[in-house]
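my_file-v7.tsv follows (TSV, C-alpha atoms and all ligand atoms):
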chain	number	residue	atom	x	y	z
I	1	MET	CA	3.84	7.71	-34.73
I	2	THR	CA	6.06	5.88	-32.25
I	3	ALA	CA	5.01	2.62	-30.66
I	4	LEU	CA	4.51	4.45	-27.38
I	5	SER	CA	2.37	7.26	-28.77
I	6	ARG	CA	0.33	4.65	-30.64
I	7	ARG	CA	-0.21	2.87	-27.32
I	8	LEU	CA	-1.25	6.13	-25.68
I	9	VAL	CA	-3.82	6.85	-28.35
I	10	LEU	CA	-5.13	3.29	-28.21
I	11	GLY	CA	-5.27	3.46	-24.41
I	12	GLY	CA	-7.27	6.66	-24.64
I	13	ALA	CA	-9.64	5.08	-27.15
I	14	ALA	CA	-10.19	2.13	-24.83
I	15	ALA	CA	-10.94	4.48	-21.93
I	16	ALA	CA	-13.36	6.51	-24.03
I	17	ALA	CA	-15.08	3.34	-25.21
I	18	ALA	CA	-15.47	2.30	-21.58
I	19	GLY	CA	-16.99	5.71	-20.73
I	20	LEU	CA	-13.99	6.57	-18.57
I	21	PRO	CA	-12.33	9.97	-18.34
I	22	LEU	CA	-9.64	10.91	-20.79
I	23	VAL	CA	-6.67	12.36	-18.99
I	24	ALA	CA	-4.07	14.55	-20.67
I	25	GLN	CA	-1.48	12.07	-21.90
I	26	PRO	CA	1.89	13.69	-22.62
I	27	VAL	CA	3.92	11.86	-25.25
I	28	GLN	CA	7.24	11.06	-23.64
I	29	ALA	CA	10.29	8.98	-24.41
I	30	ALA	CA	9.48	5.30	-24.05
I	31	PRO	CA	10.86	3.88	-20.80
I	32	ALA	CA	13.02	0.78	-20.88
I	33	LYS	CA	10.67	-2.17	-21.11
I	34	ALA	CA	10.73	-4.64	-18.26
I	35	ASP	CA	11.77	-8.13	-19.28
I	36	PRO	CA	8.95	-10.52	-18.22
I	37	ARG	CA	11.52	-13.27	-17.57
I	38	ALA	CA	13.36	-11.00	-15.14
I	39	LEU	CA	10.09	-10.29	-13.32
I	40	ARG	CA	9.34	-14.03	-13.21
I	41	ASP	CA	12.83	-14.62	-11.77
I	42	GLY	CA	12.11	-11.93	-9.19
I	43	LEU	CA	9.00	-13.78	-8.05
I	44	ASP	CA	10.86	-17.10	-7.92
I	45	TYR	CA	13.61	-15.45	-5.90
I	46	ALA	CA	11.06	-14.06	-3.44
I	47	VAL	CA	9.59	-17.52	-2.87
I	48	ARG	CA	13.05	-19.09	-2.42
I	49	LYS	CA	14.00	-16.44	0.11
I	50	LEU	CA	10.77	-16.92	2.05
I	51	ARG	CA	11.18	-20.69	2.04
I	52	ALA	CA	14.64	-20.28	3.56
I	53	VAL	CA	13.83	-17.59	6.10
I	54	ALA	CA	10.18	-17.91	7.12
I	55	PRO	CA	10.36	-21.11	9.24
I	56	GLY	CA	12.69	-19.29	11.65
I	57	ILE	CA	10.48	-16.21	12.09
I	58	THR	CA	8.02	-16.14	14.96
I	59	ARG	CA	7.47	-12.37	15.38
I	60	PHE	CA	6.69	-9.50	13.01
I	61	PRO	CA	9.54	-8.13	10.86
I	62	GLU	CA	9.66	-4.33	11.08
I	63	GLU	CA	12.80	-3.36	9.12
I	64	THR	CA	16.30	-4.70	8.63
I	65	LYS	CA	19.50	-3.80	10.36
I	66	PHE	CA	22.72	-5.08	8.78
I	67	GLU	CA	20.43	-7.03	6.42
I	68	LYS	CA	18.76	-9.02	9.22
I	69	TRP	CA	15.16	-8.49	10.28
I	70	ILE	CA	14.47	-6.72	13.51
I	71	TYR	CA	11.08	-7.37	14.99
I	72	THR	CA	8.07	-5.91	16.73
I	73	ASP	CA	6.31	-8.33	19.09
I	74	GLY	CA	2.84	-6.81	18.98
I	75	GLY	CA	2.89	-6.04	15.27
I	76	GLY	CA	3.24	-2.24	15.40
I	77	TRP	CA	1.59	-0.94	12.22
I	78	VAL	CA	3.34	-3.53	10.04
I	79	GLY	CA	2.13	-6.82	11.56
I	80	GLY	CA	-0.26	-7.61	8.70
I	81	PHE	CA	2.45	-7.75	6.06
I	82	TRP	CA	4.30	-10.83	7.27
I	83	PRO	CA	1.26	-13.15	7.34
I	84	GLY	CA	0.11	-11.41	4.16
I	85	LEU	CA	3.37	-12.22	2.41
I	86	LEU	CA	3.15	-15.83	3.54
I	87	TRP	CA	-0.38	-16.02	2.09
I	88	LEU	CA	0.96	-14.69	-1.20
I	89	ALA	CA	3.72	-17.33	-1.15
I	90	HIS	CA	1.03	-19.94	-0.53
I	91	LEU	CA	-0.95	-18.65	-3.51
I	92	GLU	CA	2.10	-18.94	-5.72
I	93	THR	CA	3.30	-22.37	-4.52
I	94	LYS	CA	0.28	-24.07	-2.86
I	95	ASP	CA	2.83	-25.28	-0.32
I	96	PRO	CA	1.06	-26.11	2.99
I	97	LEU	CA	4.13	-24.88	4.85
I	98	PHE	CA	3.31	-21.30	3.86
I	99	ARG	CA	-0.33	-21.73	4.85
I	100	ARG	CA	0.62	-23.05	8.29
I	101	LEU	CA	3.10	-20.21	8.86
I	102	ALA	CA	0.60	-17.61	7.59
I	103	GLU	CA	-2.06	-18.83	10.00
I	104	GLU	CA	0.33	-18.96	12.94
I	105	SER	CA	1.53	-15.45	12.21
I	106	ALA	CA	-1.95	-14.00	11.62
I	107	ARG	CA	-3.18	-15.54	14.88
I	108	ARG	CA	-0.59	-13.52	16.79
I	109	LEU	CA	-2.42	-10.36	15.73
I	110	ALA	CA	-5.61	-11.35	17.58
I	111	PRO	CA	-5.16	-8.92	20.51
I	112	ARG	CA	-4.99	-6.00	18.09
I	113	ARG	CA	-8.64	-6.41	17.00
I	114	THR	CA	-9.73	-4.15	19.83
I	115	ASP	CA	-6.86	-1.67	19.60
I	116	LEU	CA	-8.30	1.83	19.93
I	117	GLY	CA	-4.90	3.49	19.70
I	118	THR	CA	-4.27	3.43	15.95
I	119	HIS	CA	-5.85	3.81	12.51
I	120	ASP	CA	-3.60	1.05	11.16
I	121	LEU	CA	-6.20	-1.68	11.59
I	122	GLY	CA	-6.62	-2.05	7.83
I	123	PHE	CA	-2.88	-2.49	7.34
I	124	LEU	CA	-2.94	-5.03	10.16
I	125	PHE	CA	-6.04	-7.06	9.34
I	126	TYR	CA	-6.62	-6.83	5.59
I	127	PRO	CA	-3.59	-8.70	4.17
I	128	SER	CA	-3.69	-11.15	7.07
I	129	TRP	CA	-7.21	-11.92	8.34
I	130	VAL	CA	-9.36	-10.84	5.39
I	131	THR	CA	-7.10	-12.78	3.03
I	132	ALA	CA	-7.15	-15.73	5.45
I	133	TRP	CA	-10.97	-15.73	5.38
I	134	ARG	CA	-11.07	-15.61	1.62
I	135	LEU	CA	-8.54	-18.41	1.24
I	136	THR	CA	-9.68	-20.74	4.02
I	137	GLY	CA	-13.37	-20.00	4.58
I	138	ASN	CA	-12.76	-20.11	8.34
I	139	ARG	CA	-15.25	-17.63	9.84
I	140	GLU	CA	-12.98	-16.76	12.76
I	141	TRP	CA	-10.87	-14.67	10.39
I	142	ARG	CA	-13.93	-12.90	8.98
I	143	ASP	CA	-15.40	-12.18	12.39
I	144	GLY	CA	-12.07	-10.92	13.72
I	145	ALA	CA	-11.64	-8.59	10.76
I	146	ILE	CA	-15.12	-7.16	11.37
I	147	GLN	CA	-14.21	-6.62	15.03
I	148	ALA	CA	-11.16	-4.67	13.87
I	149	ALA	CA	-13.41	-2.58	11.60
I	150	ASP	CA	-15.61	-1.86	14.64
I	151	SER	CA	-12.53	-0.55	16.44
I	152	LEU	CA	-11.49	1.53	13.43
I	153	ILE	CA	-14.82	3.36	13.05
I	154	ARG	CA	-14.59	4.55	16.66
I	155	ARG	CA	-11.93	6.94	15.37
I	156	TYR	CA	-14.45	8.77	13.20
I	157	ASN	CA	-14.86	12.51	13.75
I	158	ALA	CA	-18.38	13.30	12.49
I	159	LYS	CA	-17.82	17.08	12.49
I	160	GLY	CA	-14.77	16.89	10.23
I	161	ARG	CA	-15.86	13.66	8.48
I	162	PHE	CA	-12.50	11.98	8.95
I	163	LEU	CA	-10.82	9.12	10.78
I	164	ARG	CA	-8.15	10.37	13.11
I	165	ALA	CA	-4.79	8.74	12.45
I	166	TRP	CA	-2.79	8.66	15.63
I	167	GLY	CA	-3.32	8.30	19.37
I	168	HIS	CA	-5.91	6.56	21.52
I	169	ILE	CA	-9.48	7.66	20.84
I	170	ASN	CA	-9.64	9.26	24.31
I	171	ASP	CA	-6.36	11.14	23.93
I	172	PRO	CA	-6.93	14.77	22.87
I	173	GLY	CA	-3.39	14.99	21.44
I	174	ASN	CA	-3.42	14.44	17.66
I	175	ALA	CA	-7.23	14.20	17.66
I	176	GLY	CA	-7.45	16.37	14.54
I	177	ARG	CA	-4.53	14.82	12.68
I	178	VAL	CA	-5.28	13.02	9.44
I	179	ILE	CA	-2.63	11.31	7.31
I	180	ILE	CA	-2.63	10.15	3.72
I	181	ASP	CA	-1.77	6.57	4.77
I	182	THR	CA	-5.29	6.08	6.18
I	183	MET	CA	-6.56	5.67	2.63
I	184	MET	CA	-5.14	2.13	2.82
I	185	ASN	CA	-7.16	1.31	5.93
I	186	LEU	CA	-10.52	1.95	4.28
I	187	ASP	CA	-10.83	-1.36	2.46
I	188	LEU	CA	-11.32	-3.09	5.82
I	189	LEU	CA	-14.43	-0.93	6.24
I	190	PHE	CA	-15.79	-1.81	2.79
I	191	PHE	CA	-15.18	-5.45	3.63
I	192	ALA	CA	-17.12	-5.12	6.90
I	193	SER	CA	-20.10	-3.49	5.18
I	194	LYS	CA	-20.19	-6.15	2.51
I	195	GLU	CA	-20.04	-8.98	5.03
I	196	THR	CA	-22.50	-7.56	7.56
I	197	GLY	CA	-24.90	-5.75	5.21
I	198	ASP	CA	-24.50	-2.69	7.45
I	199	SER	CA	-23.49	0.37	5.42
I	200	LYS	CA	-22.12	2.29	8.43
I	201	TYR	CA	-18.54	1.17	7.78
I	202	ALA	CA	-18.56	2.02	4.07
I	203	ASP	CA	-20.28	5.35	4.75
I	204	ILE	CA	-17.43	6.36	7.02
I	205	ALA	CA	-14.87	5.17	4.49
I	206	VAL	CA	-16.50	7.28	1.76
I	207	ASP	CA	-16.68	10.32	4.04
I	208	HIS	CA	-13.02	9.96	4.93
I	209	ALA	CA	-12.01	9.53	1.28
I	210	ARG	CA	-13.97	12.67	0.30
I	211	THR	CA	-12.35	14.69	3.08
I	212	THR	CA	-8.93	13.45	1.98
I	213	ALA	CA	-9.64	14.25	-1.66
I	214	ARG	CA	-10.77	17.76	-0.77
I	215	HIS	CA	-7.92	18.73	1.54
I	216	PHE	CA	-4.90	16.66	0.56
I	217	VAL	CA	-4.97	16.52	-3.22
I	218	ARG	CA	-3.34	19.62	-4.69
I	219	PRO	CA	-4.30	20.95	-8.12
I	220	ASP	CA	-1.23	19.28	-9.65
I	221	GLY	CA	-2.12	15.87	-8.14
I	222	SER	CA	0.56	15.82	-5.44
I	223	THR	CA	-0.21	15.33	-1.74
I	224	PRO	CA	1.22	16.23	1.66
I	225	HIS	CA	1.68	13.53	4.29
I	226	VAL	CA	-0.53	15.17	6.93
I	227	PHE	CA	-3.50	17.51	7.14
I	228	ASP	CA	-4.61	18.92	10.48
I	229	PHE	CA	-8.16	19.80	11.49
I	230	ASP	CA	-9.64	21.38	14.57
I	231	PRO	CA	-10.99	18.26	16.27
I	232	ALA	CA	-13.78	20.17	18.04
I	233	THR	CA	-15.25	21.92	15.02
I	234	GLY	CA	-13.83	19.84	12.16
I	235	ALA	CA	-12.51	23.03	10.54
I	236	PRO	CA	-9.41	22.59	8.35
I	237	VAL	CA	-6.16	23.93	9.81
I	238	GLY	CA	-3.68	23.09	7.06
I	239	PRO	CA	-1.15	20.69	5.54
I	240	ASN	CA	1.75	19.32	7.50
I	241	THR	CA	4.27	16.52	7.41
I	242	VAL	CA	6.08	14.05	9.60
I	243	GLN	CA	7.63	11.60	7.16
I	244	GLY	CA	7.91	13.87	4.13
I	245	TYR	CA	10.36	16.71	3.53
I	246	SER	CA	7.94	19.55	4.20
I	247	PRO	CA	4.22	20.42	4.26
I	248	THR	CA	4.51	21.46	0.62
I	249	SER	CA	6.53	18.46	-0.57
I	250	CYS	CA	5.31	15.08	-1.82
I	251	TRP	CA	6.49	12.09	0.25
I	252	SER	CA	6.62	9.29	-2.27
I	253	ARG	CA	5.27	6.52	-0.05
I	254	GLY	CA	2.39	8.75	0.99
I	255	GLN	CA	1.61	9.41	-2.67
I	256	SER	CA	1.73	5.66	-3.29
I	257	TRP	CA	-0.75	4.99	-0.46
I	258	ALA	CA	-3.02	7.60	-2.04
I	259	ILE	CA	-2.85	6.11	-5.55
I	260	TYR	CA	-3.56	2.60	-4.30
I	261	GLY	CA	-6.15	3.76	-1.75
I	262	PHE	CA	-8.26	5.96	-4.04
I	263	THR	CA	-8.19	3.30	-6.76
I	264	THR	CA	-9.53	0.83	-4.21
I	265	VAL	CA	-12.28	3.22	-3.09
I	266	TYR	CA	-13.35	3.55	-6.73
I	267	ARG	CA	-13.27	-0.24	-7.10
I	268	ARG	CA	-15.56	-0.62	-4.06
I	269	THR	CA	-17.98	2.24	-4.75
I	270	GLY	CA	-17.96	2.69	-8.53
I	271	GLN	CA	-18.15	6.45	-7.87
I	272	ARG	CA	-16.43	8.37	-10.62
I	273	GLU	CA	-15.13	11.12	-8.31
I	274	PHE	CA	-12.70	8.61	-6.77
I	275	LEU	CA	-11.42	7.39	-10.12
I	276	ASP	CA	-10.80	11.00	-11.12
I	277	VAL	CA	-8.73	11.51	-7.97
I	278	ALA	CA	-6.81	8.26	-8.46
I	279	THR	CA	-5.87	9.13	-12.05
I	280	LYS	CA	-4.84	12.64	-11.03
I	281	LEU	CA	-2.56	11.25	-8.30
I	282	ALA	CA	-1.11	8.67	-10.69
I	283	ASP	CA	-0.62	11.15	-13.51
I	284	HIS	CA	1.39	13.32	-11.15
I	285	VAL	CA	4.01	10.62	-10.58
I	286	LEU	CA	4.29	9.14	-14.08
I	287	PRO	CA	6.83	11.71	-15.34
I	288	TYR	CA	9.04	11.09	-12.29
I	289	LEU	CA	8.89	7.33	-12.70
I	290	ARG	CA	9.51	7.29	-16.41
I	291	THR	CA	12.89	8.93	-15.92
I	292	ASP	CA	13.72	7.52	-12.48
I	293	PRO	CA	11.68	4.36	-11.87
I	294	VAL	CA	12.68	3.57	-8.27
I	295	PRO	CA	11.08	6.56	-6.56
I	296	ILE	CA	13.11	9.08	-4.67
I	297	TRP	CA	11.88	9.16	-1.02
I	298	ASP	CA	10.22	12.56	-1.54
I	299	TYR	CA	9.50	13.73	-5.08
I	300	ARG	CA	10.23	17.29	-3.94
I	301	SER	CA	13.39	16.66	-1.96
I	302	PRO	CA	15.72	19.63	-2.47
I	303	TYR	CA	18.41	17.10	-3.39
I	304	ALA	CA	16.31	15.53	-6.13
I	305	PRO	CA	17.07	13.68	-8.27
I	306	ASN	CA	20.25	12.74	-6.40
I	307	ASP	CA	18.75	11.61	-3.13
I	308	ILE	CA	18.00	8.23	-1.57
I	309	ARG	CA	15.27	5.97	-2.95
I	310	ASP	CA	12.32	4.22	-1.40
I	311	SER	CA	11.77	0.91	-3.16
I	312	SER	CA	8.64	0.30	-1.05
I	313	ALA	CA	7.02	3.39	-2.58
I	314	GLY	CA	7.81	1.93	-5.99
I	315	ALA	CA	6.25	-1.45	-5.19
I	316	ILE	CA	3.08	0.12	-3.74
I	317	THR	CA	2.79	2.52	-6.68
I	318	ALA	CA	3.18	-0.39	-9.10
I	319	CYS	CA	0.25	-2.19	-7.43
I	320	GLY	CA	-1.91	0.92	-7.66
I	321	LEU	CA	-0.98	1.56	-11.30
I	322	LEU	CA	-1.70	-2.04	-12.28
I	323	ASP	CA	-5.13	-1.76	-10.69
I	324	LEU	CA	-5.76	1.56	-12.45
I	325	ALA	CA	-4.68	0.01	-15.76
I	326	LYS	CA	-7.14	-2.82	-15.24
I	327	ILE	CA	-9.97	-0.42	-14.44
I	328	THR	CA	-9.29	2.17	-17.14
I	329	GLY	CA	-7.72	0.08	-19.90
I	330	ASN	CA	-4.99	2.71	-20.07
I	331	ALA	CA	-1.76	0.95	-21.05
I	332	ARG	CA	0.58	3.65	-19.83
I	333	TYR	CA	-0.30	2.82	-16.20
I	334	ARG	CA	0.60	-0.81	-16.82
I	335	ASP	CA	3.76	0.09	-18.75
I	336	THR	CA	4.97	2.40	-16.00
I	337	ALA	CA	4.17	-0.19	-13.33
I	338	THR	CA	6.18	-2.87	-15.09
I	339	THR	CA	9.03	-0.41	-15.65
I	340	VAL	CA	9.09	0.32	-11.91
I	341	LEU	CA	8.99	-3.40	-11.09
I	342	GLY	CA	11.75	-4.06	-13.62
I	343	ALA	CA	13.92	-1.40	-12.01
I	344	ILE	CA	13.29	-2.75	-8.50
I	345	THR	CA	14.11	-6.25	-9.76
I	346	ASP	CA	17.30	-5.03	-11.44
I	347	THR	CA	18.64	-2.72	-8.77
I	348	CYS	CA	17.02	-3.42	-5.39
I	349	LEU	CA	16.73	-7.18	-4.85
I	350	THR	CA	18.97	-8.83	-2.29
I	351	THR	CA	19.91	-11.61	-4.72
I	352	ARG	CA	23.66	-11.14	-4.46
I	353	SER	CA	23.81	-10.97	-0.69
I	354	THR	CA	24.58	-14.04	1.39
I	355	ARG	CA	23.27	-12.35	4.57
I	356	ALA	CA	20.00	-10.75	3.59
I	357	GLU	CA	16.77	-12.06	5.11
I	358	ALA	CA	14.47	-9.80	3.08
I	359	ILE	CA	13.66	-9.79	-0.63
I	360	VAL	CA	13.85	-6.11	-1.56
I	361	ALA	CA	16.51	-3.67	-0.33
I	362	ARG	CA	16.82	0.11	-0.75
I	363	GLY	CA	13.73	1.05	1.23
I	364	THR	CA	13.41	4.16	3.34
I	365	ARG	CA	11.27	4.12	6.45
I	366	HIS	CA	11.59	7.66	7.78
I	367	ARG	CA	14.16	9.87	6.07
I	368	SER	CA	13.19	13.02	7.95
I	369	ALA	CA	13.98	11.40	11.30
I	370	GLU	CA	17.11	9.74	9.86
I	371	GLY	CA	15.51	6.38	10.66
I	372	GLY	CA	15.53	3.32	8.45
I	373	ILE	CA	17.46	4.45	5.38
I	374	GLU	CA	18.65	1.94	2.77
I	375	VAL	CA	16.88	-0.89	4.59
I	376	SER	CA	14.41	-3.61	3.75
I	377	LEU	CA	10.83	-3.13	4.85
I	378	PRO	CA	8.08	-5.75	5.20
I	379	TYR	CA	5.73	-3.63	3.09
I	380	GLY	CA	8.40	-3.36	0.37
I	381	ASP	CA	8.53	-7.15	0.20
I	382	TYR	CA	4.75	-7.58	0.48
I	383	TYR	CA	3.79	-5.14	-2.28
I	384	TYR	CA	6.61	-6.28	-4.58
I	385	VAL	CA	5.20	-9.81	-4.46
I	386	GLU	CA	1.61	-8.57	-4.66
I	387	ALA	CA	2.49	-6.57	-7.79
I	388	LEU	CA	4.15	-9.58	-9.43
I	389	LEU	CA	1.13	-11.75	-8.64
I	390	ARG	CA	-1.08	-9.07	-10.23
I	391	LEU	CA	0.92	-9.82	-13.38
I	392	PHE	CA	1.39	-13.59	-13.12
I	393	ARG	CA	-1.63	-14.86	-11.17
I	394	PRO	CA	-4.29	-12.16	-11.50
I	395	ALA	CA	-7.32	-14.41	-10.95
I	396	GLU	CA	-5.97	-16.16	-7.86
I	397	LEU	CA	-4.67	-12.92	-6.37
I	398	GLY	CA	-7.99	-11.26	-7.12
I	399	ALA	CA	-9.85	-13.98	-5.22
I	400	ALA	CA	-7.50	-13.52	-2.25
I	401	ILE	CA	-7.47	-9.73	-1.94
I	402	GLY	CA	-10.78	-8.87	-3.55
I	403	LEU	CA	-9.91	-7.46	-6.97
A	1	LIG	N1	2.18	4.02	7.28
A	1	LIG	C1	3.46	4.41	7.72
A	1	LIG	C2	4.45	4.48	6.63
A	1	LIG	O1	4.13	4.36	5.46
A	1	LIG	O2	5.62	4.65	6.96
Just dump the structure as structure tokens.
Ligand code: GLY
Amino acid sequence: MTALSRRLVLGGAAAAAAGLPLVAQPVQAAPAKADPRALRDGLDYAVRKLRAVAPGITRFPEETKFEKWIYTDGGGWVGGFWPGLLWLAHLETKDPLFRRLAEESARRLAPRRTDLGTHDLGFLFYPSWVTAWRLTGNREWRDGAIQAADSLIRRYNAKGRFLRAWGHINDPGNAGRVIIDTMMNLDLLFFASKETGDSKYADIAVDHARTTARHFVRPDGSTPHVFDFDPATGAPVGPNTVQGYSPTSCWSRGQSWAIYGFTTVYRRTGQREFLDVATKLADHVLPYLRTDPVPIWDYRSPYAPNDIRDSSAGAITACGLLDLAKITGNARYRDTATTVLGAITDTCLTTRSTRAEAIVARGTRHRSAEGGIEVSLPYGDYYYVEALLRLFRPAELGAAIGL
């Protein structure tokens, strides 16, 4: 028995002992092990880069152009990641500079609490305001995050039991469009229910997760980016895509949002159905990642495996897999996560550039629209650092983001 197959068997035994489902566990060639010192150096590099760059940043980084950040003033969908990253740097260093910058940046999101034009309120307010509340105890952050949750639940379609993704709540265009990314916005709703004692937020989150599980997750565990419904009746129309290659492909960042999101819904509800979905989604990507650990932008690109990467999908997937490993005791999720992080650290960091303002390069924002290819992305940086803190400071990170 190889070391890896022994680990698989032991992982399965741990899951069985914990009463958790046993998933089919193919024995594969062991991936290159990540060197913990290299991962530690990656985290130190991230902090050094932030220390150098953050004092000069007063808006929200959106993506890089020629290695320099370009910004969105109002925060777009990404505005939570910059204050979130500064909070993570504060966790790692305890440096008051990062706390001051995180608070200043988070405060700039205040007008978005009442935004009825987007589902991205979890992306915006969870890493920024919810984390701020947990780390500072200042109730303004808590109350603002609950206000954002109140805005988010106004997007609920009771007939179809989903949260619409795009467009203002009064705009009939896109009213029946659901996207896989919304799974990441649900934790804001669980937070609001826990804080207020009102289950209405969590009930909507669970409904949305069930609808997503039913219509997005294919028998093989892959997902499309989009699924359309008739907004009047709630009847399913069919899969679609905007950022993936096709309605039948598997956009890697979307799959990463799904892995992380369903794992979180299980963590919040304890309902086995969501763990089953999360493991199915994760099991789908493990074979890809074991041979090619920085994900290709769409696992079903016709040019695979020789197509561009999306390091952000790798970082998000690593976070989800580390959480799944913690929940299930299954070592192959942790091993794959550290392999992905090792590969990002080896091949995607900006360490050798004298110009770069970001930490992680080789991200892809929107391949299908030829937009943001081989760039840095604020969510690539955020989830890379979050994943490393899951390894190096699990208790402190857990207190900050609710693990
Ligand atoms: N949530 C948008 C994206 O992942 O690009």
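Using all atoms listed in the file, the shortest contact distance between Glu396 in chain I and any of I:Ile359, I:Ile344, I:Leu135, I:Leu324 is found at I:Leu135.
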- CA of Asp181 in chain I to atom C2 of ligand LIG 1 (chain A): how many Å, to one decimal? 6.8 Å
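When CA of Leu189 in chain I is paired with CA of Ser311 in chain I, their separation reads 27.9 Å.
Minimum atom-to-atom distance to ligand LIG 1 (chain A), evaluated using only C-alpha atoms and all ligand atoms, belongs to I:Gly80 out of I:Gly56, I:Gly173, I:Pro287, I:Gly80.
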- Message: Counting all atoms listed in the file, what are the residues, protein, DNA or RNA alike, that approach ligand LIG 1 (chain A) to within 10 Å? I want them as a ChimeraX atom specification.
- Response: /I:77-78,119-120,123,165,179-182,184-185,225,242-244,251-257,312-313,364-366,377,379
Output C-alpha atoms for every residue in that selection, as a short mmCIF file (atom, residue, chain, number, x, y, z; two decimals), in the frame of the given file.
data_model
loop_
_atom_site.label_atom_id
_atom_site.label_comp_id
_atom_site.auth_asym_id
_atom_site.auth_seq_id
_atom_site.Cartn_x
_atom_site.Cartn_y
_atom_site.Cartn_z
CA TRP I 77 1.59 -0.94 12.22
CA VAL I 78 3.34 -3.53 10.04
CA HIS I 119 -5.85 3.81 12.51
CA ASP I 120 -3.60 1.05 11.16
CA PHE I 123 -2.88 -2.49 7.34
CA ALA I 165 -4.79 8.74 12.45
CA ILE I 179 -2.63 11.31 7.31
CA ILE I 180 -2.63 10.15 3.72
CA ASP I 181 -1.77 6.57 4.77
CA THR I 182 -5.29 6.08 6.18
CA MET I 184 -5.14 2.13 2.82
CA ASN I 185 -7.16 1.31 5.93
CA HIS I 225 1.68 13.53 4.29
CA VAL I 242 6.08 14.05 9.60
CA GLN I 243 7.63 11.60 7.16
CA GLY I 244 7.91 13.87 4.13
CA TRP I 251 6.49 12.09 0.25
CA SER I 252 6.62 9.29 -2.27
CA ARG I 253 5.27 6.52 -0.05
CA GLY I 254 2.39 8.75 0.99
CA GLN I 255 1.61 9.41 -2.67
CA SER I 256 1.73 5.66 -3.29
CA TRP I 257 -0.75 4.99 -0.46
CA SER I 312 8.64 0.30 -1.05
CA ALA I 313 7.02 3.39 -2.58
CA THR I 364 13.41 4.16 3.34
CA ARG I 365 11.27 4.12 6.45
CA HIS I 366 11.59 7.66 7.78
CA LEU I 377 10.83 -3.13 4.85
CA TYR I 379 5.73 -3.63 3.09
#
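Between Leu86 in chain I and the residues I:Gln147, I:Thr118, I:Thr279, I:Thr131, the shortest atom-to-atom distance, using all atoms listed in the file, involves I:Thr131.
Nearest to Ile259 in chain I of all the residues I:Phe98, I:Tyr71, I:Phe274, I:Tyr126 is I:Phe274, counting only C-alpha atoms.
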So that I can check the surroundings of Leu281 in chain I, please list as a PDB file with C-alpha atoms, keeping the file's coordinate frame every protein, DNA and RNA residue that reaches within 8 Å of it, counting all atoms listed in the file and ignoring chain neighbours fewer than 3 positions away.
ATOM      1  CA  VAL I 217      -4.970  16.520  -3.220  1.00  0.00           C
ATOM      2  CA  GLY I 221      -2.120  15.870  -8.140  1.00  0.00           C
ATOM      3  CA  SER I 222       0.560  15.820  -5.440  1.00  0.00           C
ATOM      4  CA  GLN I 255       1.610   9.410  -2.670  1.00  0.00           C
ATOM      5  CA  ALA I 258      -3.020   7.600  -2.040  1.00  0.00           C
ATOM      6  CA  ILE I 259      -2.850   6.110  -5.550  1.00  0.00           C
ATOM      7  CA  VAL I 277      -8.730  11.510  -7.970  1.00  0.00           C
ATOM      8  CA  ALA I 278      -6.810   8.260  -8.460  1.00  0.00           C
ATOM      9  CA  HIS I 284       1.390  13.320 -11.150  1.00  0.00           C
ATOM     10  CA  VAL I 285       4.010  10.620 -10.580  1.00  0.00           C
TER      11      VAL I 285
END
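Proximity ranking of I:Thr263, I:Thr345, I:Ser246, I:Leu116 relative to Pro293 in chain I places I:Thr345 first, based on all atoms listed in the file.
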- Point-to-point distance in Å for CA of Val375 in chain I and CA of Asp73 in chain I: 19.4 Å
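Summary of the local environment: counting all atoms listed in the file, residues at most 10 Å from Arg161 in chain I, other than itself and those fewer than 3 positions away along its chain, are I:Tyr156, I:Asn157, I:Ala158, I:Arg164, I:Ile204, I:Ala205, I:Val206, I:Asp207, I:His208, I:Ala209, I:Arg210, I:Thr211, I:Thr212, I:Gly234.
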